[in-house]
Amino acid sequence: MRRKGKRLRRNFSRLAVLGVLLVIGGVVGLICTAAATLTSMILFGWLLLIGGVVGLLQAVQSRGTSYFWLAAVVAALNIAAGVVVIRHPEGSAEALTMFAALLFLTGGLSRLVGAVVVRGPQFGWTLFQGAFGLLLGLLVLFDRPDSSLYVPGVFFSLALLFDGLGLIAIGVGGRRIVRMVTPAVPVAGPAPESSETAQDQSNN
């Protein structure tokens, strides 16, 4: 039981260390947003490329089935998109920023309309979320193409930061829980004296 507890504490410590590294990466990315944007685009491109290659291999292994061509087409599209993103990270960042601005605009408008029409118990909070999303979408849209230099990097850095904080919380909390449920090692005290030894000492 104690060995398992030590192993669990070691694993939770590794999670906490990984969380610290992610937090450091997120803070650095928030400071150097342009570099974080290019890094996130290149990583995204490699993920698409690797995922496409893996999907293509799986499609080849499943040839003869009904979904072979669909899997092959999806894998080919992922490979092509990965190559494009890796070769043109700046243009990919601009396209992704435009997509994010449209998501903010549509999400903000839908929340505003829903808040006005429904007027539920969380009317004020929903109205605030819609207005904030709409304002953020307009700011990103009107600041093009400069916004493409920092918007993807900011999102990527914030994702690293919050994921790192979550891992740190899991690691520290897990270590505390394991320490609470693991039985303590008994401290070896002095051996109890036998009755004969005690009698001899009393006679002396």
# chains A, B, ... in the order shown; residues from 1 in each chain; ligands from 1
$ residues_around --residues "Tyr150 (chain A)" --least-positions-apart "5" --cutoff "12 Å" --atoms "only C-alpha atoms" --output "PyMOL selection string"
chain A and resi 29-41+90+93-94+96-97+140+143-145+155-158
$ residues_around --residues "region 112-119 of chain A" --least-positions-apart "4" --cutoff "10 Å" --atoms "only C-alpha atoms" --output "ChimeraX atom specification"
/A:106-108,123-134
$ write_last_selection --atoms "N, CA and C atoms" --output "CSV table (one decimal), in the first residue's frame"
chain,number,residue,atom,x,y,z
A,106,THR,N,-21.5,35.7,-34.6
A,106,THR,CA,-22.7,34.9,-34.6
A,106,THR,C,-23.1,34.5,-33.2
A,107,GLY,N,-22.1,34.1,-32.3
A,107,GLY,CA,-22.4,33.7,-31.0
A,107,GLY,C,-23.0,34.8,-30.2
A,108,GLY,N,-22.4,36.0,-30.3
A,108,GLY,CA,-22.9,37.2,-29.6
A,108,GLY,C,-24.3,37.6,-30.0
A,123,PHE,N,-31.1,36.5,-17.5
A,123,PHE,CA,-31.2,37.5,-18.6
A,123,PHE,C,-30.0,38.4,-18.6
A,124,GLY,N,-29.6,39.0,-17.5
A,124,GLY,CA,-28.5,40.0,-17.5
A,124,GLY,C,-27.2,39.3,-17.8
A,125,TRP,N,-26.9,38.1,-17.3
A,125,TRP,CA,-25.7,37.5,-17.6
A,125,TRP,C,-25.6,37.1,-19.1
A,126,THR,N,-26.7,36.5,-19.6
A,126,THR,CA,-26.8,36.2,-21.1
A,126,THR,C,-26.6,37.4,-22.0
A,127,LEU,N,-27.3,38.5,-21.5
A,127,LEU,CA,-27.1,39.7,-22.3
A,127,LEU,C,-25.7,40.2,-22.3
A,128,PHE,N,-25.0,40.1,-21.2
A,128,PHE,CA,-23.6,40.6,-21.1
A,128,PHE,C,-22.7,39.7,-21.9
A,129,GLN,N,-22.9,38.4,-21.9
A,129,GLN,CA,-22.1,37.5,-22.7
A,129,GLN,C,-22.3,37.8,-24.2
A,130,GLY,N,-23.6,38.0,-24.6
A,130,GLY,CA,-23.8,38.3,-26.0
A,130,GLY,C,-23.2,39.6,-26.5
A,131,ALA,N,-23.3,40.7,-25.6
A,131,ALA,CA,-22.7,42.0,-25.9
A,131,ALA,C,-21.1,41.8,-26.0
A,132,PHE,N,-20.6,41.1,-25.0
A,132,PHE,CA,-19.1,40.9,-25.0
A,132,PHE,C,-18.6,40.2,-26.3
A,133,GLY,N,-19.3,39.1,-26.6
A,133,GLY,CA,-18.9,38.3,-27.8
A,133,GLY,C,-19.1,39.2,-29.1
A,134,LEU,N,-20.1,40.0,-29.2
A,134,LEU,CA,-20.3,40.8,-30.4
A,134,LEU,C,-19.2,41.9,-30.4
$ residues_around --residues "Phe12 (chain A)" --least-positions-apart "4" --cutoff "9 Å" --atoms "only C-alpha atoms" --output "PDB file with N, CA, C and O atoms, in the first residue's frame"
ATOM      1  N   ARG A   7       4.181   5.700  -5.447  1.00  0.00           N
ATOM      2  CA  ARG A   7       4.113   5.760  -6.898  1.00  0.00           C
ATOM      3  C   ARG A   7       3.065   6.772  -7.357  1.00  0.00           C
ATOM      4  O   ARG A   7       3.294   7.542  -8.294  1.00  0.00           O
ATOM      5  N   LEU A   8       1.931   6.792  -6.668  1.00  0.00           N
ATOM      6  CA  LEU A   8       0.895   7.751  -7.019  1.00  0.00           C
ATOM      7  C   LEU A   8       1.353   9.181  -6.757  1.00  0.00           C
ATOM      8  O   LEU A   8       1.112  10.082  -7.570  1.00  0.00           O
ATOM      9  N   ALA A  16       2.109  17.882 -11.783  1.00  0.00           N
ATOM     10  CA  ALA A  16       2.293  19.257 -11.327  1.00  0.00           C
ATOM     11  C   ALA A  16       3.457  19.929 -12.050  1.00  0.00           C
ATOM     12  O   ALA A  16       3.368  21.106 -12.430  1.00  0.00           O
ATOM     13  N   VAL A  17       4.545  19.195 -12.248  1.00  0.00           N
ATOM     14  CA  VAL A  17       5.692  19.758 -12.980  1.00  0.00           C
ATOM     15  C   VAL A  17       5.309  20.079 -14.419  1.00  0.00           C
ATOM     16  O   VAL A  17       5.658  21.144 -14.960  1.00  0.00           O
ATOM     17  N   LEU A 167      -3.589  21.191 -14.373  1.00  0.00           N
ATOM     18  CA  LEU A 167      -2.687  20.091 -14.025  1.00  0.00           C
ATOM     19  C   LEU A 167      -2.017  20.315 -12.672  1.00  0.00           C
ATOM     20  O   LEU A 167      -1.824  19.371 -11.899  1.00  0.00           O
ATOM     21  N   ILE A 168      -1.664  21.564 -12.381  1.00  0.00           N
ATOM     22  CA  ILE A 168      -1.064  21.852 -11.075  1.00  0.00           C
ATOM     23  C   ILE A 168      -2.069  21.555  -9.960  1.00  0.00           C
ATOM     24  O   ILE A 168      -1.728  20.948  -8.936  1.00  0.00           O
ATOM     25  N   ILE A 170      -4.575  19.448 -10.070  1.00  0.00           N
ATOM     26  CA  ILE A 170      -4.745  17.994  -9.971  1.00  0.00           C
ATOM     27  C   ILE A 170      -3.555  17.355  -9.266  1.00  0.00           C
ATOM     28  O   ILE A 170      -3.718  16.480  -8.404  1.00  0.00           O
ATOM     29  N   GLY A 171      -2.343  17.790  -9.628  1.00  0.00           N
ATOM     30  CA  GLY A 171      -1.149  17.206  -9.022  1.00  0.00           C
ATOM     31  C   GLY A 171      -1.055  17.476  -7.532  1.00  0.00           C
ATOM     32  O   GLY A 171      -0.831  16.561  -6.733  1.00  0.00           O
ATOM     33  N   VAL A 172      -1.272  18.735  -7.137  1.00  0.00           N
ATOM     34  CA  VAL A 172      -1.175  19.072  -5.717  1.00  0.00           C
ATOM     35  C   VAL A 172      -2.300  18.419  -4.927  1.00  0.00           C
ATOM     36  O   VAL A 172      -2.090  17.835  -3.851  1.00  0.00           O
ATOM     37  N   GLY A 173      -3.530  18.492  -5.462  1.00  0.00           N
ATOM     38  CA  GLY A 173      -4.650  17.865  -4.766  1.00  0.00           C
ATOM     39  C   GLY A 173      -4.521  16.355  -4.694  1.00  0.00           C
ATOM     40  O   GLY A 173      -4.854  15.741  -3.671  1.00  0.00           O
ATOM     41  N   GLY A 174      -4.021  15.745  -5.756  1.00  0.00           N
ATOM     42  CA  GLY A 174      -3.832  14.301  -5.740  1.00  0.00           C
ATOM     43  C   GLY A 174      -2.803  13.864  -4.716  1.00  0.00           C
ATOM     44  O   GLY A 174      -2.989  12.851  -4.032  1.00  0.00           O
ATOM     45  N   ARG A 175      -1.729  14.618  -4.600  1.00  0.00           N
ATOM     46  CA  ARG A 175      -0.717  14.279  -3.589  1.00  0.00           C
ATOM     47  C   ARG A 175      -1.299  14.370  -2.183  1.00  0.00           C
ATOM     48  O   ARG A 175      -1.025  13.529  -1.322  1.00  0.00           O
TER      49      ARG A 175
END
$ residues_around --residues "Leu77 (chain A)" --least-positions-apart "5" --cutoff "10 Å" --atoms "only C-alpha atoms" --output "list in words"
Leu48, Leu49, Gly52, Ala71, Ala72, Gly82 and Val83 of chain A
$ atom_distance --atom1 "CA of Asp146 (chain A)" --atom2 "CA of Ile79 (chain A)"
28.1 Å
$ atom_distance --atom1 "CA of Ala95 (chain A)" --atom2 "CA of Leu141 (chain A)"
11.3 Å
$ closest_residue --among "A:Ile42, A:Leu105, A:Val20, A:Leu135" --to "Phe162 (chain A)" --atoms "only C-alpha atoms"
A:Val20
$ closest_residue --among "A:Val178, A:Pro121, A:Phe104, A:Leu149" --to "Gly137 (chain A)" --atoms "only C-alpha atoms"
A:Phe104
$ atom_distance --atom1 "CA of Ile50 (chain A)" --atom2 "CA of Gly19 (chain A)"
25.0 Å
